[in-house]
>>> print(open('upload.txt').read())   # compact mmCIF, C-alpha atoms and all ligand atoms
# COMPACT_ATOMS: atom_id res chain seq x y z
CA MET A 1 0.00 0.00 0.00
CA ILE A 2 1.19 3.47 -0.78
CA LYS A 3 0.88 6.34 1.60
CA GLN A 4 0.92 9.94 0.47
CA ASN A 5 2.39 12.17 3.12
CA LYS A 6 1.69 15.78 3.86
CA SER A 7 4.39 17.01 1.52
CA GLY A 8 2.83 15.22 -1.40
CA LEU A 9 5.67 12.77 -1.43
CA TYR A 10 5.48 9.06 -1.28
CA ASN A 11 6.81 6.46 1.07
CA CYS A 12 8.84 3.45 0.11
CA PRO A 13 6.57 0.39 0.04
CA GLU A 14 9.40 -1.66 1.52
CA CYS A 15 10.76 0.44 4.37
CA ASP A 16 8.38 3.41 4.58
CA ASN A 17 11.17 5.89 3.89
CA PRO A 18 9.89 9.12 2.37
CA LEU A 19 10.65 9.24 -1.33
CA THR A 20 11.03 12.23 -3.55
CA SER A 21 10.87 12.39 -7.28
CA GLU A 22 12.21 15.27 -9.28
CA LYS A 23 10.56 13.80 -12.31
CA GLU A 24 6.96 14.20 -13.19
CA ILE A 25 5.14 11.28 -11.71
CA LYS A 26 3.30 9.27 -14.27
CA GLN A 27 2.53 5.68 -14.88
CA GLY A 28 5.80 3.82 -15.18
CA THR A 29 7.89 6.40 -13.32
CA VAL A 30 10.52 4.60 -11.28
CA VAL A 31 11.85 6.01 -8.05
CA GLU A 32 14.69 4.54 -6.04
CA CYS A 33 14.63 4.49 -2.28
CA PRO A 34 17.92 5.90 -0.92
CA ALA A 35 17.48 4.00 2.32
CA CYS A 36 17.00 0.44 1.15
CA GLY A 37 17.78 0.69 -2.55
CA THR A 38 14.44 -0.65 -3.64
CA GLU A 39 13.27 0.64 -6.98
CA SER A 40 9.56 1.20 -7.11
CA GLU A 41 7.37 1.93 -10.07
CA PHE A 42 4.18 3.90 -10.18
CA ILE A 43 1.77 1.40 -11.58
CA THR A 44 -1.06 3.89 -11.47
CA VAL A 45 -1.23 7.59 -10.75
CA LYS A 46 -4.93 7.97 -10.09
CA PRO A 47 -4.79 6.96 -7.37
CA PRO A 48 -1.01 6.84 -7.03
CA GLN A 49 0.22 3.34 -6.33
CA LEU A 50 3.80 2.22 -5.99
CA ALA A 51 4.94 -1.31 -6.59
CA PRO A 52 8.48 -2.43 -5.84
CA LEU A 53 10.46 -3.63 -8.81
CA GLU A 54 11.79 -7.03 -7.91
CA GLU A 55 14.39 -8.87 -9.84
CA GLU A 56 13.35 -12.35 -10.61
CA LYS A 57 15.90 -14.93 -9.61
ZN ZN A 101 13.02 1.78 1.12
>>> encode(input="upload.txt", output="structure tokens")
Amino acid sequence: MIKQNKSGLYNCPECDNPLTSEKEIKQGTVVECPACGTESEFITVKPPQLAPLEEEK
């Protein structure tokens, strides 16, 4: 689940670290969490939903 905080930013779905994106957020935008390194992709923007990109092994 994604949480939108008061600053209009988004929290990492893995570790809840606040994420920022200098890019325009749109479907497919990928943001990387500086705390845990997880890359997450906006799968939808209305409403905004982040899904972690996981490498298949
Ligand atoms: Zn994280």
>>> closest_atom_pairs(input="upload.txt", of="chain A", to="ligand ZN 101 (chain A)", cutoff="12 Å", atoms="all atoms listed in the file", output="tab-separated table")
residue	atom	partner	partner_atom	distance
A:Tyr10	CA	A:ZN101	ZN	10.8
A:Asn11	CA	A:ZN101	ZN	7.8
A:Cys12	CA	A:ZN101	ZN	4.6
A:Pro13	CA	A:ZN101	ZN	6.7
A:Glu14	CA	A:ZN101	ZN	5.0
A:Cys15	CA	A:ZN101	ZN	4.2
A:Asp16	CA	A:ZN101	ZN	6.0
A:Asn17	CA	A:ZN101	ZN	5.3
A:Pro18	CA	A:ZN101	ZN	8.1
A:Leu19	CA	A:ZN101	ZN	8.2
A:Thr20	CA	A:ZN101	ZN	11.6
A:Val31	CA	A:ZN101	ZN	10.2
A:Glu32	CA	A:ZN101	ZN	7.9
A:Cys33	CA	A:ZN101	ZN	4.6
A:Pro34	CA	A:ZN101	ZN	6.7
A:Ala35	CA	A:ZN101	ZN	5.1
A:Cys36	CA	A:ZN101	ZN	4.2
A:Gly37	CA	A:ZN101	ZN	6.1
A:Thr38	CA	A:ZN101	ZN	5.5
A:Glu39	CA	A:ZN101	ZN	8.2
A:Ser40	CA	A:ZN101	ZN	8.9
A:Leu50	CA	A:ZN101	ZN	11.7
A:Ala51	CA	A:ZN101	ZN	11.6
A:Pro52	CA	A:ZN101	ZN	9.3
A:Leu53	CA	A:ZN101	ZN	11.6
>>> atom_distance(input="upload.txt", atom1="atom CA of Phe42 of chain A", atom2="atom CA of Lys23 of chain A")
12.0 Å
>>> axis_aligned_box(input="upload.txt", around="segment 39-56 of chain A", padding_each_side="4 Å", output="AutoDock Vina command-line options")
--center_x 4.7 --center_y -2.2 --center_z -8.7 --size_x 27.3 --size_y 28.3 --size_z 13.7
>>> residues_around(input="upload.txt", residues="Lys26 of chain A", least_positions_apart="3", cutoff="12 Å", atoms="all atoms listed in the file", output="PyMOL selection string")
chain A and resi 21-23+29-31+41-50
